[in-house]
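Below: one structure, written as structure tokens.
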Amino acid sequence: MAEHIDGRALDEVVSFTSELIRIDTTNRGGGDCRERPAAEYVAERLAATGLEPVLLERTPGRTNVVARIEGTDPSADALLVHGHLDVVPAEPADWDVHPFSGEVRDGVVWGRGAVDMKNMDAMVLAVVRAWARAGIRPRRDIVIAYTADEEASAIDGSGFLADHHPGLFEGCTEGISESGAFTFHAGPGTALYPIAAGERGTGWLKLTAHGRAGHGSKVNRANAVSRLAAAIARIGEHQWPVRLTPTVRAALAELARVYGIAADPAAPDFDVDELLGKLGPAAALVESTVRNSANPTMLEAGYKINVIPGHATAYVDGRILPGGEDEFRDTLDRLTGPDVDWEFHHKEVALQAPVDSPTYAKLRAAVEEFAPEGHVVPYCMSGGTDAKQFSRLGITGYGFSPLRLPPGFDYPALFHGVDERVPVDALHFGVRVLDHYLRAA
Ligand SMILES: [Zn+2]
């Protein structure tokens, strides 16, 4: 297929990534973030191509940008391409290079957002502008959305767009965004390219133990702290049963094939832990998504050492597989017991995208075109993205932000990590793969 990416696009993806990093969009949660300058930056560059981006805010300063590129086939479903503009906090003292410098040093762009996900924001912008210069239109309508607030509740971002501006996404059936098609180095000479085709749901729980308040020196068989501690210990030690979703089953089958391991994840006696044990570093791609999980994370109880409090509270980070909610609820009822109540403090849906779809096949082919040495595998994300919010509009989400990374680049560790950075070559690869996929999508 002809190359439509020109030298200017390759330069622009680097300068856009760097300049977006320099616009500090740290999201500290609780509404403490301002995406507006970054939103204006991308909107100006989209408008320069003749598109008509709209800026949308639920809260002043928390700006989202949406634009639509008209495809050549009006009968085709539209495709959503979305990226968030906010980033998680970074502590400059911990970094080798200032996290908001966007410095390009020895062929690497440094800074918060270099992989999550100002890189993808910049790649999309560079592709769209290259198309405008070359007079290219994609087959499908492509809706581009730059969102606020992904790193907190999404209430000012994709949640707001899905609830209050669904018309902007009319016709969209599928979407692509972060956390897929990057190089996952899984041992010498083995480069995996995981494409996300699902996400576990979020089930953040609040537990409240009730008891009888009283003096710390007296007998008390209704101690809320002890009751809470017992429930938390049961939850923390619970062995959740294996539940293989179609995406995870496909991931395991593909990984077994890559490593030449005889295993049939569809067989009734299939032992997932045995296969995970043989997969080495690649096990990390799937091990968090073969079961539900619930990790106790916060405890709150008492105010004085000689006073037994009447109640005690804990928080648990639960993650729920597609289809796993009933079992999750029943298990929590049982593990908490009669003296401890639990409720969802925050809940987000689990997602599942087909891996036998034409779209997955095209995503896969685009990576293989430019990284023939790589092995494309589907995977389910252990956590969540904006795709959860857009799923309310009937949009099936895939994680696809292509990057070819050299050995030694530990992509998962760079996510929200110190010294987040991305090689210029990786950005060039991403632009080429995105261009290839999006034109044919
Ligand atoms: Zn992200």
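Labeling convention for the structure tokens: chains A, B, ... as they appear, residues from 1 per chain, ligands from 1 in order of appearance.
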Mind listing the residues within 12 Å of ligand 1, only C-alpha atoms and all ligand atoms counted, as a count of residues only? 43
Report as a list of chain:residue names all protein, DNA and RNA residues lying within 10 Å of Gly374 of chain A, evaluated on only C-alpha atoms, omitting residues in the same chain fewer than 4 positions from it. A:Thr183, A:Phe184, A:His185, A:Gly189, A:Thr190, A:Ala191, A:Leu192, A:Tyr193, A:Pro194, A:Val367, A:Glu368, A:Glu369, A:Phe370, A:Arg404
I need the residues from that last selection saved to file as an mmCIF file, in the first residue's frame (with N, CA, C and O atoms), if you can.
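What ended up in part-v1.cif:
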data_model
loop_
_atom_site.group_PDB
_atom_site.id
_atom_site.type_symbol
_atom_site.label_atom_id
_atom_site.label_comp_id
_atom_site.auth_asym_id
_atom_site.auth_seq_id
_atom_site.Cartn_x
_atom_site.Cartn_y
_atom_site.Cartn_z
ATOM 1 N N THR A 183 5.077 -2.837 21.774
ATOM 2 C CA THR A 183 5.939 -4.018 21.878
ATOM 3 C C THR A 183 6.037 -4.454 23.330
ATOM 4 O O THR A 183 6.411 -3.669 24.198
ATOM 5 N N PHE A 184 5.706 -5.712 23.568
ATOM 6 C CA PHE A 184 5.866 -6.312 24.887
ATOM 7 C C PHE A 184 6.987 -7.326 24.744
ATOM 8 O O PHE A 184 6.813 -8.372 24.123
ATOM 9 N N HIS A 185 8.165 -6.982 25.260
ATOM 10 C CA HIS A 185 9.311 -7.881 25.123
ATOM 11 C C HIS A 185 9.173 -9.027 26.117
ATOM 12 O O HIS A 185 9.189 -8.810 27.325
ATOM 13 N N GLY A 189 14.305 -12.194 21.780
ATOM 14 C CA GLY A 189 13.802 -12.425 20.431
ATOM 15 C C GLY A 189 12.300 -12.564 20.327
ATOM 16 O O GLY A 189 11.784 -12.799 19.234
ATOM 17 N N THR A 190 11.576 -12.444 21.430
ATOM 18 C CA THR A 190 10.120 -12.582 21.360
ATOM 19 C C THR A 190 9.449 -11.238 21.617
ATOM 20 O O THR A 190 9.416 -10.756 22.742
ATOM 21 N N ALA A 191 8.950 -10.647 20.524
ATOM 22 C CA ALA A 191 8.254 -9.364 20.626
ATOM 23 C C ALA A 191 6.769 -9.605 20.416
ATOM 24 O O ALA A 191 6.338 -9.990 19.331
ATOM 25 N N LEU A 192 6.012 -9.409 21.485
ATOM 26 C CA LEU A 192 4.556 -9.533 21.383
ATOM 27 C C LEU A 192 3.956 -8.157 21.130
ATOM 28 O O LEU A 192 4.495 -7.145 21.573
ATOM 29 N N TYR A 193 2.841 -8.131 20.418
ATOM 30 C CA TYR A 193 2.074 -6.887 20.237
ATOM 31 C C TYR A 193 0.642 -7.156 20.712
ATOM 32 O O TYR A 193 -0.197 -7.600 19.941
ATOM 33 N N PRO A 194 0.386 -6.907 21.993
ATOM 34 C CA PRO A 194 -0.950 -7.180 22.524
ATOM 35 C C PRO A 194 -1.944 -6.106 22.073
ATOM 36 O O PRO A 194 -1.679 -4.914 22.200
ATOM 37 N N VAL A 367 -0.406 -3.947 12.225
ATOM 38 C CA VAL A 367 0.811 -4.134 13.021
ATOM 39 C C VAL A 367 1.786 -5.047 12.288
ATOM 40 O O VAL A 367 2.987 -4.762 12.186
ATOM 41 N N GLU A 368 1.263 -6.148 11.740
ATOM 42 C CA GLU A 368 2.140 -7.123 11.078
ATOM 43 C C GLU A 368 2.820 -6.526 9.846
ATOM 44 O O GLU A 368 3.947 -6.893 9.505
ATOM 45 N N GLU A 369 2.148 -5.570 9.189
ATOM 46 C CA GLU A 369 2.720 -4.910 8.016
ATOM 47 C C GLU A 369 4.030 -4.191 8.372
ATOM 48 O O GLU A 369 4.990 -4.210 7.617
ATOM 49 N N PHE A 370 4.049 -3.555 9.535
ATOM 50 C CA PHE A 370 5.207 -2.726 9.900
ATOM 51 C C PHE A 370 6.098 -3.372 10.964
ATOM 52 O O PHE A 370 7.191 -2.880 11.216
ATOM 53 N N ARG A 404 6.439 0.738 18.330
ATOM 54 C CA ARG A 404 7.460 -0.315 18.318
ATOM 55 C C ARG A 404 8.608 0.139 19.204
ATOM 56 O O ARG A 404 9.283 1.109 18.896
#
Nearest to Gly31 of chain A, restricted to only C-alpha atoms and choosing among A:Gly157, A:Pro99, A:Pro309, A:Gly107, comes out as A:Gly157
With a distance cut-off of 8 Å and only C-alpha atoms, select the neighbouring residues of Val286 of chain A, excluding the residue or stretch itself and same-chain residues fewer than 6 positions from it, and output the selection as a ChimeraX atom specification. /A:248,251-252,379-380
Please provide the set of residues having any atom within 6 Å of segment 161-174 of chain A, restricted to only C-alpha atoms, with same-chain residues fewer than 5 positions apart removed, written as a compact mmCIF listing (two decimals) with N, CA, C and O atoms, in the first residue's frame.
# COMPACT_ATOMS: atom_id res chain seq x y z
N ASP A 77 -20.31 2.10 8.88
CA ASP A 77 -20.38 2.57 10.26
C ASP A 77 -19.18 3.48 10.55
O ASP A 77 -18.12 3.32 9.96
N ALA A 78 -19.38 4.40 11.46
CA ALA A 78 -18.29 5.30 11.83
C ALA A 78 -17.37 4.65 12.87
O ALA A 78 -17.77 3.72 13.57
N LEU A 79 -16.15 5.16 12.93
CA LEU A 79 -15.15 4.67 13.87
C LEU A 79 -14.75 5.81 14.80
O LEU A 79 -14.49 6.92 14.34
N PHE A 390 -17.74 5.18 26.62
CA PHE A 390 -18.23 5.17 25.25
C PHE A 390 -19.02 3.90 24.94
O PHE A 390 -19.81 3.87 24.00
N ILE A 395 -20.56 1.47 21.51
CA ILE A 395 -19.26 1.45 20.82
C ILE A 395 -18.37 0.38 21.43
O ILE A 395 -18.10 0.39 22.64
N THR A 396 -17.94 -0.56 20.61
CA THR A 396 -17.05 -1.65 21.03
C THR A 396 -15.61 -1.14 20.97
O THR A 396 -15.17 -0.67 19.92
N GLY A 397 -14.89 -1.24 22.08
CA GLY A 397 -13.56 -0.63 22.13
C GLY A 397 -12.41 -1.60 22.02
O GLY A 397 -12.44 -2.68 22.62
Test item: residues at most 9 Å from segment 209-215 of chain A, only C-alpha atoms, excluding those fewer than 4 positions along its chain, as a list in words: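 Listing them by chain and then by number gives Val219, Asn220, Arg221, Ala222, Asn223, Ala224, Val225, Ser226, Arg227, Leu228, Ala231, Asn306, Val307, Ile308, Pro309, Gly310, His311, Ala312, Thr313, Ala314, Thr336, Asp339, Val340, Asp341 and Trp342 of chain A.
With only C-alpha atoms as the atoms that count, the residue of A:Leu393, A:Ala47, A:Val290, A:Ala266 with the shortest distance to Gln239 of chain A is A:Val290.
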What lies within 9 Å of Ser18 of chain A using only C-alpha atoms, ignoring chain neighbours under 5 positions off, as JSON, numbers by chain? {"A": [13, 100, 101, 102, 103, 104, 109, 110, 111, 114, 118, 119, 122]}
What is the distance, in Å and to one decimal place, between atom CA of Asn64 of chain A and atom CA of Asp24 of chain A? 15.6 Å
Picked from segment 126-282 of chain A by DSSP as alpha helix (DSSP H), as a PyMOL selection string: chain A and resi 126-134+158-164+224-237+246-258+272-278
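Counting only C-alpha atoms, the residue from A:Ala426, A:Ala130, A:Val349, A:Ala441 that sits nearest to Thr72 of chain A is A:Ala441.
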Skipping near chain neighbours, those fewer than 3 positions away, what residues fall within 10 Å of Leu276 of chain A using only C-alpha atoms, listed as JSON, numbers by chain? {"A": [252, 255, 256, 271, 272, 273, 279, 280, 281, 282, 283, 284, 285, 286, 287]}
Only C-alpha atoms, please: the residues just picked out, written as a compact mmCIF listing (two decimals), in the first residue's frame.
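Produced file result_3.txt, reproduced below:
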# COMPACT_ATOMS: atom_id res chain seq x y z
CA LEU A 252 -3.87 -18.00 26.04
CA LEU A 255 0.52 -17.29 23.46
CA ALA A 256 0.74 -21.09 23.66
CA ASP A 271 -5.01 -25.90 33.78
CA VAL A 272 -4.43 -22.18 33.32
CA ASP A 273 -1.86 -21.90 36.11
CA LEU A 279 4.90 -18.57 29.62
CA GLY A 280 7.61 -16.70 31.54
CA PRO A 281 7.37 -12.88 31.23
CA ALA A 282 4.37 -13.17 28.89
CA ALA A 283 2.25 -14.49 31.77
CA ALA A 284 2.02 -10.90 33.03
CA LEU A 285 -0.21 -10.09 30.05
CA VAL A 286 -2.96 -12.45 31.16
CA GLU A 287 -2.48 -13.49 34.80
Counting only C-alpha atoms, the residue of A:Gly337, A:Pro37, A:Pro92, A:Gly50 that sits nearest Gly417 of chain A: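 The closest residue to Gly417 of chain A is A:Pro92.
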For atom CA of Leu405 of chain A and atom CA of Leu434 of chain A, determine how far apart the two atoms are, in Å to one decimal place.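 Interatomic distance here is 15.7 Å.
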Using Å and a single decimal, report how far atom CA of Arg62 of chain A sits from atom CA of Ala132 of chain A.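 Atom CA of Arg62 of chain A lies 28.3 Å from atom CA of Ala132 of chain A.
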Could you find all residues in segment 27-72 of chain A that DSSP calls strand (DSSP E) from the backbone, and write them as number ranges by chain? A: 54-57, 63-69
For the selection you just gave me, I'd like the residues written to a file as a CSV table (one decimal), in the first residue's frame, keeping N, CA, C and O atoms.
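Output (selection-v7.csv):
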chain,number,residue,atom,x,y,z
A,54,VAL,N,-15.2,20.8,17.8
A,54,VAL,CA,-16.0,21.5,18.8
A,54,VAL,C,-15.4,21.3,20.2
A,54,VAL,O,-14.9,20.2,20.5
A,55,LEU,N,-15.4,22.3,21.0
A,55,LEU,CA,-14.8,22.3,22.4
A,55,LEU,C,-16.0,22.2,23.3
A,55,LEU,O,-17.0,23.0,23.2
A,56,LEU,N,-16.0,21.2,24.2
A,56,LEU,CA,-17.1,20.9,25.1
A,56,LEU,C,-16.6,20.8,26.5
A,56,LEU,O,-15.7,20.1,26.8
A,57,GLU,N,-17.3,21.5,27.4
A,57,GLU,CA,-17.0,21.5,28.8
A,57,GLU,C,-18.2,21.3,29.7
A,57,GLU,O,-19.2,21.9,29.5
A,63,THR,N,-11.7,20.7,29.3
A,63,THR,CA,-12.2,20.8,27.9
A,63,THR,C,-12.0,19.5,27.2
A,63,THR,O,-10.9,18.9,27.2
A,64,ASN,N,-13.0,19.1,26.4
A,64,ASN,CA,-13.0,18.0,25.5
A,64,ASN,C,-13.1,18.5,24.1
A,64,ASN,O,-13.7,19.6,23.8
A,65,VAL,N,-12.5,17.8,23.1
A,65,VAL,CA,-12.5,18.2,21.7
A,65,VAL,C,-13.1,17.1,20.9
A,65,VAL,O,-12.6,15.9,21.0
A,66,VAL,N,-14.0,17.4,20.0
A,66,VAL,CA,-14.6,16.3,19.1
A,66,VAL,C,-14.6,16.9,17.7
A,66,VAL,O,-15.1,18.0,17.5
A,67,ALA,N,-14.2,16.1,16.7
A,67,ALA,CA,-14.2,16.4,15.3
A,67,ALA,C,-14.6,15.2,14.5
A,67,ALA,O,-14.3,14.1,14.9
A,68,ARG,N,-15.2,15.4,13.4
A,68,ARG,CA,-15.6,14.3,12.5
A,68,ARG,C,-15.0,14.4,11.1
A,68,ARG,O,-15.1,15.5,10.5
A,69,ILE,N,-14.3,13.4,10.7
A,69,ILE,CA,-13.8,13.3,9.3
A,69,ILE,C,-14.8,12.5,8.5
A,69,ILE,O,-15.1,11.4,8.8
